[in-house]
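This is upload-v1.cif (mmCIF, N, CA and C atoms and all ligand atoms).
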```
data_data
loop_
_atom_site.group_PDB
_atom_site.id
_atom_site.type_symbol
_atom_site.label_atom_id
_atom_site.label_comp_id
_atom_site.auth_asym_id
_atom_site.auth_seq_id
_atom_site.Cartn_x
_atom_site.Cartn_y
_atom_site.Cartn_z
ATOM 1 N N MET A 1 171.890 145.598 257.803
ATOM 2 C CA MET A 1 172.477 144.726 256.811
ATOM 3 C C MET A 1 173.021 145.584 255.673
ATOM 4 N N GLU A 2 174.246 145.298 255.283
ATOM 5 C CA GLU A 2 174.861 146.058 254.195
ATOM 6 C C GLU A 2 174.678 145.309 252.876
ATOM 7 N N TYR A 3 174.082 145.975 251.913
ATOM 8 C CA TYR A 3 173.859 145.360 250.611
ATOM 9 C C TYR A 3 175.004 145.713 249.682
ATOM 10 N N THR A 4 175.413 144.769 248.885
ATOM 11 C CA THR A 4 176.481 145.032 247.928
ATOM 12 C C THR A 4 175.987 144.692 246.531
ATOM 13 N N SER A 5 176.689 145.170 245.524
ATOM 14 C CA SER A 5 176.272 144.914 244.147
ATOM 15 C C SER A 5 176.379 143.442 243.778
ATOM 16 N N SER A 6 177.219 142.695 244.500
ATOM 17 C CA SER A 6 177.379 141.275 244.185
ATOM 18 C C SER A 6 176.370 140.391 244.927
ATOM 19 N N MET A 7 175.504 141.020 245.708
ATOM 20 C CA MET A 7 174.557 140.262 246.532
ATOM 21 C C MET A 7 173.667 139.329 245.700
ATOM 22 N N ALA A 8 173.141 139.812 244.584
ATOM 23 C CA ALA A 8 172.252 138.987 243.760
ATOM 24 C C ALA A 8 173.011 137.792 243.187
ATOM 25 N N VAL A 9 174.192 138.053 242.656
ATOM 26 C CA VAL A 9 175.002 136.978 242.069
ATOM 27 C C VAL A 9 175.355 135.959 243.146
ATOM 28 N N GLU A 10 175.782 136.448 244.294
ATOM 29 C CA GLU A 10 176.164 135.547 245.391
ATOM 30 C C GLU A 10 174.970 134.764 245.929
ATOM 31 N N THR A 11 173.801 135.389 245.956
ATOM 32 C CA THR A 11 172.602 134.694 246.435
ATOM 33 C C THR A 11 172.268 133.523 245.517
ATOM 34 N N LEU A 12 172.449 133.720 244.212
ATOM 35 C CA LEU A 12 172.154 132.646 243.258
ATOM 36 C C LEU A 12 173.180 131.517 243.316
ATOM 37 N N GLN A 13 174.300 131.753 244.004
ATOM 38 C CA GLN A 13 175.327 130.715 244.158
ATOM 39 C C GLN A 13 175.147 129.920 245.455
ATOM 40 N N ILE A 14 174.173 130.323 246.264
ATOM 41 C CA ILE A 14 173.942 129.623 247.533
ATOM 42 C C ILE A 14 173.385 128.224 247.238
ATOM 43 N N SER A 15 173.981 127.222 247.845
ATOM 44 C CA SER A 15 173.569 125.837 247.582
ATOM 45 C C SER A 15 172.440 125.408 248.517
ATOM 46 N N ASP A 16 171.796 124.311 248.164
ATOM 47 C CA ASP A 16 170.757 123.747 249.033
ATOM 48 C C ASP A 16 171.348 123.355 250.387
ATOM 49 N N LYS A 17 172.598 122.914 250.359
ATOM 50 C CA LYS A 17 173.288 122.533 251.588
ATOM 51 C C LYS A 17 173.396 123.748 252.530
ATOM 52 N N ASP A 18 173.764 124.897 251.951
ATOM 53 C CA ASP A 18 173.889 126.129 252.742
ATOM 54 C C ASP A 18 172.539 126.573 253.318
ATOM 55 N N VAL A 19 171.498 126.518 252.497
ATOM 56 C CA VAL A 19 170.177 126.948 252.979
ATOM 57 C C VAL A 19 169.703 126.006 254.085
ATOM 58 N N ASN A 20 169.900 124.701 253.887
ATOM 59 C CA ASN A 20 169.484 123.747 254.916
ATOM 60 C C ASN A 20 170.288 123.918 256.204
ATOM 61 N N LYS A 21 171.556 124.288 256.068
ATOM 62 C CA LYS A 21 172.393 124.556 257.237
ATOM 63 C C LYS A 21 171.836 125.759 258.005
ATOM 64 N N TYR A 22 171.478 126.803 257.262
ATOM 65 C CA TYR A 22 170.876 128.002 257.857
ATOM 66 C C TYR A 22 169.576 127.629 258.578
ATOM 67 N N ILE A 23 168.725 126.870 257.896
ATOM 68 C CA ILE A 23 167.435 126.479 258.465
ATOM 69 C C ILE A 23 167.652 125.674 259.747
ATOM 70 N N ASN A 24 168.577 124.724 259.711
ATOM 71 C CA ASN A 24 168.838 123.904 260.904
ATOM 72 C C ASN A 24 169.323 124.752 262.061
ATOM 73 N N GLU A 25 170.193 125.724 261.758
ATOM 74 C CA GLU A 25 170.737 126.545 262.832
ATOM 75 C C GLU A 25 169.753 127.593 263.345
ATOM 76 N N ARG A 26 169.032 128.246 262.457
ATOM 77 C CA ARG A 26 168.162 129.355 262.851
ATOM 78 C C ARG A 26 166.723 128.962 263.156
ATOM 79 N N ILE A 27 166.214 127.931 262.493
ATOM 80 C CA ILE A 27 164.820 127.542 262.695
ATOM 81 C C ILE A 27 164.730 126.257 263.508
ATOM 82 N N GLY A 28 165.630 125.340 263.245
ATOM 83 C CA GLY A 28 165.624 124.086 263.994
ATOM 84 C C GLY A 28 164.712 123.063 263.365
ATOM 85 N N SER A 29 163.598 122.804 264.004
ATOM 86 C CA SER A 29 162.707 121.757 263.535
ATOM 87 C C SER A 29 162.070 122.085 262.190
ATOM 88 N N ASN A 30 161.941 121.077 261.349
ATOM 89 C CA ASN A 30 161.243 121.225 260.081
ATOM 90 C C ASN A 30 159.824 120.669 260.177
ATOM 91 N N ALA A 31 159.372 120.363 261.392
ATOM 92 C CA ALA A 31 158.036 119.795 261.560
ATOM 93 C C ALA A 31 156.969 120.786 261.108
ATOM 94 N N CYS A 32 156.019 120.289 260.348
ATOM 95 C CA CYS A 32 154.919 121.131 259.866
ATOM 96 C C CYS A 32 153.812 121.153 260.921
ATOM 97 N N PRO A 33 153.110 122.279 261.059
ATOM 98 C CA PRO A 33 151.997 122.337 262.017
ATOM 99 C C PRO A 33 150.879 121.338 261.716
ATOM 100 N N CYS A 34 150.837 120.763 260.503
ATOM 101 C CA CYS A 34 149.789 119.775 260.184
ATOM 102 C C CYS A 34 149.986 118.505 261.011
ATOM 103 N N GLY A 35 151.226 118.313 261.498
ATOM 104 C CA GLY A 35 151.499 117.154 262.340
ATOM 105 C C GLY A 35 151.810 115.882 261.585
ATOM 106 N N SER A 36 151.741 115.918 260.259
ATOM 107 C CA SER A 36 151.958 114.692 259.487
ATOM 108 C C SER A 36 153.118 114.774 258.509
ATOM 109 N N GLY A 37 153.819 115.892 258.468
ATOM 110 C CA GLY A 37 154.895 116.021 257.495
ATOM 111 C C GLY A 37 155.982 116.963 257.959
ATOM 112 N N GLU A 38 156.947 117.152 257.084
ATOM 113 C CA GLU A 38 158.069 118.047 257.367
ATOM 114 C C GLU A 38 158.256 119.011 256.203
ATOM 115 N N PHE A 39 158.721 120.212 256.538
ATOM 116 C CA PHE A 39 159.050 121.171 255.487
ATOM 117 C C PHE A 39 160.333 120.728 254.805
ATOM 118 N N GLU A 40 160.336 120.770 253.470
ATOM 119 C CA GLU A 40 161.517 120.442 252.677
ATOM 120 C C GLU A 40 161.806 121.603 251.753
ATOM 121 N N LEU A 41 163.107 121.890 251.585
ATOM 122 C CA LEU A 41 163.531 122.958 250.690
ATOM 123 C C LEU A 41 163.155 122.611 249.250
ATOM 124 N N ILE A 42 162.620 123.568 248.530
ATOM 125 C CA ILE A 42 162.250 123.342 247.131
ATOM 126 C C ILE A 42 163.478 123.577 246.247
ATOM 127 N N ILE A 43 163.765 122.595 245.423
ATOM 128 C CA ILE A 43 164.919 122.613 244.524
ATOM 129 C C ILE A 43 164.408 122.809 243.098
ATOM 130 N N ASP A 44 165.100 123.640 242.320
ATOM 131 C CA ASP A 44 164.650 123.887 240.945
ATOM 132 C C ASP A 44 165.245 122.874 239.959
ATOM 133 N N SER A 45 164.952 123.059 238.677
ATOM 134 C CA SER A 45 165.403 122.100 237.660
ATOM 135 C C SER A 45 166.927 122.091 237.480
ATOM 136 N N GLU A 46 167.603 123.112 237.993
ATOM 137 C CA GLU A 46 169.069 123.171 237.914
ATOM 138 C C GLU A 46 169.717 122.519 239.137
ATOM 139 N N ALA A 47 168.912 121.915 239.985
ATOM 140 C CA ALA A 47 169.367 121.275 241.225
ATOM 141 C C ALA A 47 169.925 122.299 242.223
ATOM 142 N N THR A 48 169.422 123.511 242.151
ATOM 143 C CA THR A 48 169.784 124.552 243.120
ATOM 144 C C THR A 48 168.514 124.979 243.845
ATOM 145 N N PRO A 49 168.677 125.612 245.010
ATOM 146 C CA PRO A 49 167.465 125.998 245.747
ATOM 147 C C PRO A 49 166.623 127.003 244.945
ATOM 148 N N SER A 50 165.353 126.730 244.842
ATOM 149 C CA SER A 50 164.443 127.619 244.115
ATOM 150 C C SER A 50 164.389 128.977 244.809
ATOM 151 N N VAL A 51 164.420 130.031 244.004
ATOM 152 C CA VAL A 51 164.305 131.392 244.541
ATOM 153 C C VAL A 51 163.051 132.014 243.939
ATOM 154 N N MET A 52 162.147 132.474 244.798
ATOM 155 C CA MET A 52 160.974 133.178 244.292
ATOM 156 C C MET A 52 161.068 134.628 244.718
ATOM 157 N N THR A 53 160.369 135.469 243.996
ATOM 158 C CA THR A 53 160.445 136.896 244.294
ATOM 159 C C THR A 53 159.059 137.458 244.559
ATOM 160 N N MET A 54 159.061 138.560 245.292
ATOM 161 C CA MET A 54 157.838 139.334 245.496
ATOM 162 C C MET A 54 158.187 140.778 245.270
ATOM 163 N N LYS A 55 157.365 141.420 244.517
ATOM 164 C CA LYS A 55 157.579 142.829 244.229
ATOM 165 C C LYS A 55 157.122 143.653 245.435
ATOM 166 N N ASP A 56 157.887 144.708 245.711
ATOM 167 C CA ASP A 56 157.510 145.613 246.793
ATOM 168 C C ASP A 56 156.468 146.582 246.247
ATOM 169 N N VAL A 57 155.272 146.582 246.795
ATOM 170 C CA VAL A 57 154.194 147.421 246.261
ATOM 171 C C VAL A 57 154.471 148.918 246.442
ATOM 172 N N ARG A 58 155.340 149.264 247.378
ATOM 173 C CA ARG A 58 155.651 150.678 247.577
ATOM 174 C C ARG A 58 156.844 151.138 246.736
ATOM 175 N N ASP A 59 157.538 150.190 246.118
ATOM 176 C CA ASP A 59 158.712 150.541 245.325
ATOM 177 C C ASP A 59 158.797 149.581 244.149
ATOM 178 N N GLU A 60 158.358 150.039 242.981
ATOM 179 C CA GLU A 60 158.299 149.142 241.810
ATOM 180 C C GLU A 60 159.663 148.632 241.354
ATOM 181 N N PHE A 61 160.756 149.256 241.812
ATOM 182 C CA PHE A 61 162.097 148.818 241.427
ATOM 183 C C PHE A 61 162.717 147.888 242.470
ATOM 184 N N ASN A 62 161.981 147.607 243.508
ATOM 185 C CA ASN A 62 162.496 146.752 244.577
ATOM 186 C C ASN A 62 161.777 145.407 244.573
ATOM 187 N N GLU A 63 162.547 144.358 244.761
ATOM 188 C CA GLU A 63 162.030 143.001 244.737
ATOM 189 C C GLU A 63 162.607 142.250 245.934
ATOM 190 N N HIS A 64 161.808 141.435 246.596
ATOM 191 C CA HIS A 64 162.283 140.635 247.726
ATOM 192 C C HIS A 64 162.456 139.197 247.257
ATOM 193 N N TRP A 65 163.574 138.588 247.632
ATOM 194 C CA TRP A 65 163.877 137.220 247.199
ATOM 195 C C TRP A 65 163.729 136.258 248.371
ATOM 196 N N PHE A 66 163.205 135.077 248.061
ATOM 197 C CA PHE A 66 162.996 134.066 249.087
ATOM 198 C C PHE A 66 163.372 132.672 248.592
ATOM 199 N N PHE A 67 164.024 131.901 249.475
ATOM 200 C CA PHE A 67 164.074 130.459 249.290
ATOM 201 C C PHE A 67 162.768 129.979 249.913
ATOM 202 N N TRP A 68 162.318 128.800 249.558
ATOM 203 C CA TRP A 68 161.062 128.353 250.158
ATOM 204 C C TRP A 68 161.019 126.860 250.385
ATOM 205 N N GLN A 69 160.198 126.492 251.353
ATOM 206 C CA GLN A 69 160.022 125.101 251.737
ATOM 207 C C GLN A 69 158.543 124.764 251.613
ATOM 208 N N ALA A 70 158.246 123.506 251.363
ATOM 209 C CA ALA A 70 156.862 123.043 251.372
ATOM 210 C C ALA A 70 156.800 121.751 252.175
ATOM 211 N N CYS A 71 155.694 121.563 252.855
ATOM 212 C CA CYS A 71 155.497 120.334 253.640
ATOM 213 C C CYS A 71 155.317 119.157 252.682
ATOM 214 N N ASN A 72 155.988 118.057 252.994
ATOM 215 C CA ASN A 72 155.894 116.865 252.139
ATOM 216 C C ASN A 72 154.588 116.095 252.345
ATOM 217 N N HIS A 73 153.718 116.603 253.201
ATOM 218 C CA HIS A 73 152.414 115.976 253.383
ATOM 219 C C HIS A 73 151.273 116.885 252.906
ATOM 220 N N CYS A 74 151.199 118.110 253.467
ATOM 221 C CA CYS A 74 150.046 118.974 253.173
ATOM 222 C C CYS A 74 150.354 120.104 252.184
ATOM 223 N N SER A 75 151.643 120.286 251.856
ATOM 224 C CA SER A 75 152.076 121.328 250.901
ATOM 225 C C SER A 75 152.044 122.746 251.455
ATOM 226 N N GLN A 76 151.713 122.895 252.725
ATOM 227 C CA GLN A 76 151.802 124.215 253.352
ATOM 228 C C GLN A 76 153.232 124.713 253.113
ATOM 229 N N SER A 77 153.398 126.003 252.809
ATOM 230 C CA SER A 77 154.722 126.502 252.432
ATOM 231 C C SER A 77 155.217 127.599 253.356
ATOM 232 N N LYS A 78 156.539 127.706 253.373
ATOM 233 C CA LYS A 78 157.218 128.676 254.236
ATOM 234 C C LYS A 78 158.308 129.370 253.419
ATOM 235 N N MET A 79 158.434 130.695 253.585
ATOM 236 C CA MET A 79 159.447 131.449 252.851
ATOM 237 C C MET A 79 160.601 131.808 253.781
ATOM 238 N N ILE A 80 161.816 131.759 253.246
ATOM 239 C CA ILE A 80 163.027 132.101 253.987
ATOM 240 C C ILE A 80 163.678 133.281 253.251
ATOM 241 N N ALA A 81 163.800 134.426 253.898
ATOM 242 C CA ALA A 81 164.361 135.611 253.243
ATOM 243 C C ALA A 81 165.785 135.320 252.764
ATOM 244 N N ALA A 82 165.983 135.372 251.455
ATOM 245 C CA ALA A 82 167.287 135.032 250.877
ATOM 246 C C ALA A 82 168.384 135.983 251.354
ATOM 247 N N SER A 83 168.043 137.232 251.577
ATOM 248 C CA SER A 83 169.058 138.202 252.021
ATOM 249 C C SER A 83 169.599 137.841 253.404
ATOM 250 N N ARG A 84 168.743 137.254 254.239
ATOM 251 C CA ARG A 84 169.192 136.847 255.584
ATOM 252 C C ARG A 84 170.128 135.645 255.498
ATOM 253 N N VAL A 85 169.821 134.742 254.582
ATOM 254 C CA VAL A 85 170.694 133.575 254.400
ATOM 255 C C VAL A 85 172.045 134.049 253.860
ATOM 256 N N TRP A 86 172.000 134.959 252.891
ATOM 257 C CA TRP A 86 173.226 135.527 252.312
ATOM 258 C C TRP A 86 174.070 136.175 253.416
ATOM 259 N N ALA A 87 173.427 137.000 254.258
ATOM 260 C CA ALA A 87 174.153 137.702 255.329
ATOM 261 C C ALA A 87 174.736 136.704 256.332
ATOM 262 N N TRP A 88 173.989 135.640 256.618
ATOM 263 C CA TRP A 88 174.444 134.613 257.564
ATOM 264 C C TRP A 88 175.681 133.898 257.013
ATOM 265 N N ILE A 89 175.663 133.589 255.718
ATOM 266 C CA ILE A 89 176.816 132.931 255.091
ATOM 267 C C ILE A 89 178.033 133.846 255.140
ATOM 268 N N LYS A 90 177.818 135.134 254.861
ATOM 269 C CA LYS A 90 178.919 136.110 254.926
ATOM 270 C C LYS A 90 179.526 136.114 256.330
ATOM 271 N N GLU A 91 178.654 136.102 257.321
ATOM 272 C CA GLU A 91 179.083 136.115 258.724
ATOM 273 C C GLU A 91 179.876 134.844 259.053
ATOM 274 N N GLN A 92 179.363 133.706 258.594
ATOM 275 C CA GLN A 92 180.045 132.424 258.830
ATOM 276 C C GLN A 92 181.427 132.420 258.172
ATOM 277 N N ASN A 93 181.478 132.918 256.942
ATOM 278 C CA ASN A 93 182.747 132.947 256.206
ATOM 279 C C ASN A 93 183.758 133.870 256.871
ATOM 280 N N SER A 94 183.294 134.993 257.426
ATOM 281 C CA SER A 94 184.221 135.918 258.089
ATOM 282 C C SER A 94 184.771 135.299 259.387
ATOM 283 N N LYS A 95 183.948 134.458 260.050
ATOM 284 C CA LYS A 95 184.408 133.755 261.254
ATOM 285 C C LYS A 95 185.498 132.750 260.906
ATOM 286 N N ASN A 96 185.332 132.101 259.746
ATOM 287 C CA ASN A 96 186.292 131.086 259.328
ATOM 288 C C ASN A 96 187.639 131.676 258.934
ATOM 289 N N VAL A 97 187.639 132.960 258.538
ATOM 290 C CA VAL A 97 188.873 133.615 258.123
ATOM 291 C C VAL A 97 189.753 133.949 259.338
ATOM 292 N N ASP A 98 189.059 134.285 260.462
ATOM 293 C CA ASP A 98 189.804 134.703 261.674
ATOM 294 C C ASP A 98 190.672 133.608 262.251
HETATM 295 ZN ZN ZN A 101 152.087 119.738 256.586
#
```
For this file, write the structure as structure tokens.
Amino acid sequence: MEYTSSMAVETLQISDKDVNKYINERIGSNACPCGSGEFELIIDSEATPSVMTMKDVRDEFNEHWFFWQACNHCSQSKMIAASRVWAWIKEQNSKNVD
């Protein structure tokens, strides 16, 4: 995966629609293993997909970004690597240009 300086800015512009499209295509079912609910994308107060970060313990200057889902029944949560969603959107956009 090629990282660019605009990656962070572009990742923050990804809509809930785009993340859900990625999830539907790459993951498919949103069924939770609890059997009573479904994973739903978490939306922040700005009505955009919430992005959480995790610091890389081996590199204090590196941070991993994730969109995340929580089950609407048991609250079990799942993280979606934001860089993969970003790369997938780039790939989709390049297909549309051809
Ligand atoms: Zn659940």
Please provide the set of residues having any atom within 12 Å of A:Asp44, restricted to only C-alpha atoms, with same-chain residues fewer than 4 positions apart removed, written as a compact mmCIF listing (two decimals) with N, CA and C atoms, in the frame of the given file.
```
# COMPACT_ATOMS: atom_id res chain seq x y z
N LEU A 12 172.45 133.72 244.21
CA LEU A 12 172.15 132.65 243.26
C LEU A 12 173.18 131.52 243.32
N SER A 15 173.98 127.22 247.84
CA SER A 15 173.57 125.84 247.58
C SER A 15 172.44 125.41 248.52
N ASP A 16 171.80 124.31 248.16
CA ASP A 16 170.76 123.75 249.03
C ASP A 16 171.35 123.36 250.39
N THR A 48 169.42 123.51 242.15
CA THR A 48 169.78 124.55 243.12
C THR A 48 168.51 124.98 243.84
N PRO A 49 168.68 125.61 245.01
CA PRO A 49 167.46 126.00 245.75
C PRO A 49 166.62 127.00 244.94
N SER A 50 165.35 126.73 244.84
CA SER A 50 164.44 127.62 244.12
C SER A 50 164.39 128.98 244.81
N VAL A 51 164.42 130.03 244.00
CA VAL A 51 164.30 131.39 244.54
C VAL A 51 163.05 132.01 243.94
N MET A 52 162.15 132.47 244.80
CA MET A 52 160.97 133.18 244.29
C MET A 52 161.07 134.63 244.72
N PHE A 67 164.02 131.90 249.48
CA PHE A 67 164.07 130.46 249.29
C PHE A 67 162.77 129.98 249.91
N TRP A 68 162.32 128.80 249.56
CA TRP A 68 161.06 128.35 250.16
C TRP A 68 161.02 126.86 250.38
N GLN A 69 160.20 126.49 251.35
CA GLN A 69 160.02 125.10 251.74
C GLN A 69 158.54 124.76 251.61
```
Closest atom pairs, residues of chain A within 8 Å of ligand ZN 101 (chain A), only N, CA and C atoms and all ligand atoms, as a tab-separated table:
```
residue	atom	partner	partner_atom	distance
A:Ala31	C	A:ZN101	ZN	6.7
A:Cys32	CA	A:ZN101	ZN	4.6
A:Pro33	N	A:ZN101	ZN	5.2
A:Cys34	N	A:ZN101	ZN	4.2
A:Gly35	N	A:ZN101	ZN	5.2
A:Ser36	N	A:ZN101	ZN	5.3
A:Gly37	N	A:ZN101	ZN	4.6
A:Glu38	N	A:ZN101	ZN	5.5
A:Phe39	N	A:ZN101	ZN	6.7
A:Ala70	C	A:ZN101	ZN	6.8
A:Cys71	CA	A:ZN101	ZN	4.5
A:Asn72	N	A:ZN101	ZN	5.6
A:His73	C	A:ZN101	ZN	4.7
A:Cys74	N	A:ZN101	ZN	3.6
A:Ser75	N	A:ZN101	ZN	4.8
A:Gln76	N	A:ZN101	ZN	5.0
A:Ser77	N	A:ZN101	ZN	7.4
```
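Surrounding stretch 86-94 of chain A within 6 Å are Thr11, Ser83 and Val97 of chain A, with only C-alpha atoms counted and residues fewer than 3 positions along the same chain left out.
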With only C-alpha atoms counted, which protein, DNA or RNA residues have an atom no more than 10 Å from (166.3, 135.9, 258.1) in the file frame? Please answer as an MDAnalysis selection string. chainID A and resid 22:23 26:27 66 79:88
Could you save the residues just selected, with N, CA and C atoms, as an mmCIF file, in the frame of the given file?
```cif
data_model
loop_
_atom_site.group_PDB
_atom_site.id
_atom_site.type_symbol
_atom_site.label_atom_id
_atom_site.label_comp_id
_atom_site.auth_asym_id
_atom_site.auth_seq_id
_atom_site.Cartn_x
_atom_site.Cartn_y
_atom_site.Cartn_z
ATOM 1 N N TYR A 22 171.478 126.803 257.262
ATOM 2 C CA TYR A 22 170.876 128.002 257.857
ATOM 3 C C TYR A 22 169.576 127.629 258.578
ATOM 4 N N ILE A 23 168.725 126.870 257.896
ATOM 5 C CA ILE A 23 167.435 126.479 258.465
ATOM 6 C C ILE A 23 167.652 125.674 259.747
ATOM 7 N N ARG A 26 169.032 128.246 262.457
ATOM 8 C CA ARG A 26 168.162 129.355 262.851
ATOM 9 C C ARG A 26 166.723 128.962 263.156
ATOM 10 N N ILE A 27 166.214 127.931 262.493
ATOM 11 C CA ILE A 27 164.820 127.542 262.695
ATOM 12 C C ILE A 27 164.730 126.257 263.508
ATOM 13 N N PHE A 66 163.205 135.077 248.061
ATOM 14 C CA PHE A 66 162.996 134.066 249.087
ATOM 15 C C PHE A 66 163.372 132.672 248.592
ATOM 16 N N MET A 79 158.434 130.695 253.585
ATOM 17 C CA MET A 79 159.447 131.449 252.851
ATOM 18 C C MET A 79 160.601 131.808 253.781
ATOM 19 N N ILE A 80 161.816 131.759 253.246
ATOM 20 C CA ILE A 80 163.027 132.101 253.987
ATOM 21 C C ILE A 80 163.678 133.281 253.251
ATOM 22 N N ALA A 81 163.800 134.426 253.898
ATOM 23 C CA ALA A 81 164.361 135.611 253.243
ATOM 24 C C ALA A 81 165.785 135.320 252.764
ATOM 25 N N ALA A 82 165.983 135.372 251.455
ATOM 26 C CA ALA A 82 167.287 135.032 250.877
ATOM 27 C C ALA A 82 168.384 135.983 251.354
ATOM 28 N N SER A 83 168.043 137.232 251.577
ATOM 29 C CA SER A 83 169.058 138.202 252.021
ATOM 30 C C SER A 83 169.599 137.841 253.404
ATOM 31 N N ARG A 84 168.743 137.254 254.239
ATOM 32 C CA ARG A 84 169.192 136.847 255.584
ATOM 33 C C ARG A 84 170.128 135.645 255.498
ATOM 34 N N VAL A 85 169.821 134.742 254.582
ATOM 35 C CA VAL A 85 170.694 133.575 254.400
ATOM 36 C C VAL A 85 172.045 134.049 253.860
ATOM 37 N N TRP A 86 172.000 134.959 252.891
ATOM 38 C CA TRP A 86 173.226 135.527 252.312
ATOM 39 C C TRP A 86 174.070 136.175 253.416
ATOM 40 N N ALA A 87 173.427 137.000 254.258
ATOM 41 C CA ALA A 87 174.153 137.702 255.329
ATOM 42 C C ALA A 87 174.736 136.704 256.332
ATOM 43 N N TRP A 88 173.989 135.640 256.618
ATOM 44 C CA TRP A 88 174.444 134.613 257.564
ATOM 45 C C TRP A 88 175.681 133.898 257.013
#
```
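From atom CA of A:Lys78 back to atom N of A:Glu40, the distance works out to 8.5 Å.
We find atom N of A:Val19 and atom CA of A:Val57 to be spaced 27.8 Å apart.
Interatomic distance, atom CA of A:Gly28 against atom CA of A:Glu63: 27.2 Å.
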List every residue of chain A that DSSP, applied to the backbone of this structure, assigns to strand (DSSP E), and report them as a compact mmCIF listing (two decimals) with N, CA and C atoms, in the frame of the given file.
```
# COMPACT_ATOMS: atom_id res chain seq x y z
N PHE A 39 158.72 120.21 256.54
CA PHE A 39 159.05 121.17 255.49
C PHE A 39 160.33 120.73 254.80
N GLU A 40 160.34 120.77 253.47
CA GLU A 40 161.52 120.44 252.68
C GLU A 40 161.81 121.60 251.75
N LEU A 41 163.11 121.89 251.58
CA LEU A 41 163.53 122.96 250.69
C LEU A 41 163.16 122.61 249.25
N VAL A 51 164.42 130.03 244.00
CA VAL A 51 164.30 131.39 244.54
C VAL A 51 163.05 132.01 243.94
N MET A 52 162.15 132.47 244.80
CA MET A 52 160.97 133.18 244.29
C MET A 52 161.07 134.63 244.72
N THR A 53 160.37 135.47 244.00
CA THR A 53 160.44 136.90 244.29
C THR A 53 159.06 137.46 244.56
N MET A 54 159.06 138.56 245.29
CA MET A 54 157.84 139.33 245.50
C MET A 54 158.19 140.78 245.27
N LYS A 55 157.36 141.42 244.52
CA LYS A 55 157.58 142.83 244.23
C LYS A 55 157.12 143.65 245.44
N ASP A 56 157.89 144.71 245.71
CA ASP A 56 157.51 145.61 246.79
C ASP A 56 156.47 146.58 246.25
N ASP A 59 157.54 150.19 246.12
CA ASP A 59 158.71 150.54 245.32
C ASP A 59 158.80 149.58 244.15
N GLU A 60 158.36 150.04 242.98
CA GLU A 60 158.30 149.14 241.81
C GLU A 60 159.66 148.63 241.35
N PHE A 61 160.76 149.26 241.81
CA PHE A 61 162.10 148.82 241.43
C PHE A 61 162.72 147.89 242.47
N ASN A 62 161.98 147.61 243.51
CA ASN A 62 162.50 146.75 244.58
C ASN A 62 161.78 145.41 244.57
N GLU A 63 162.55 144.36 244.76
CA GLU A 63 162.03 143.00 244.74
C GLU A 63 162.61 142.25 245.93
N HIS A 64 161.81 141.44 246.60
CA HIS A 64 162.28 140.64 247.73
C HIS A 64 162.46 139.20 247.26
N TRP A 65 163.57 138.59 247.63
CA TRP A 65 163.88 137.22 247.20
C TRP A 65 163.73 136.26 248.37
N PHE A 66 163.21 135.08 248.06
CA PHE A 66 163.00 134.07 249.09
C PHE A 66 163.37 132.67 248.59
N PHE A 67 164.02 131.90 249.48
CA PHE A 67 164.07 130.46 249.29
C PHE A 67 162.77 129.98 249.91
N TRP A 68 162.32 128.80 249.56
CA TRP A 68 161.06 128.35 250.16
C TRP A 68 161.02 126.86 250.38
N GLN A 69 160.20 126.49 251.35
CA GLN A 69 160.02 125.10 251.74
C GLN A 69 158.54 124.76 251.61
N ALA A 70 158.25 123.51 251.36
CA ALA A 70 156.86 123.04 251.37
C ALA A 70 156.80 121.75 252.18
N CYS A 71 155.69 121.56 252.86
CA CYS A 71 155.50 120.33 253.64
C CYS A 71 155.32 119.16 252.68
N SER A 77 153.40 126.00 252.81
CA SER A 77 154.72 126.50 252.43
C SER A 77 155.22 127.60 253.36
N LYS A 78 156.54 127.71 253.37
CA LYS A 78 157.22 128.68 254.24
C LYS A 78 158.31 129.37 253.42
N MET A 79 158.43 130.70 253.58
CA MET A 79 159.45 131.45 252.85
C MET A 79 160.60 131.81 253.78
N ILE A 80 161.82 131.76 253.25
CA ILE A 80 163.03 132.10 253.99
C ILE A 80 163.68 133.28 253.25
N ALA A 81 163.80 134.43 253.90
CA ALA A 81 164.36 135.61 253.24
C ALA A 81 165.78 135.32 252.76
```
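Distance annotation: of A:Met54, A:Ala47, A:Leu41, A:Met7, the residue with the minimal separation from A:Asn24 is A:Leu41; atom set is only C-alpha atoms.
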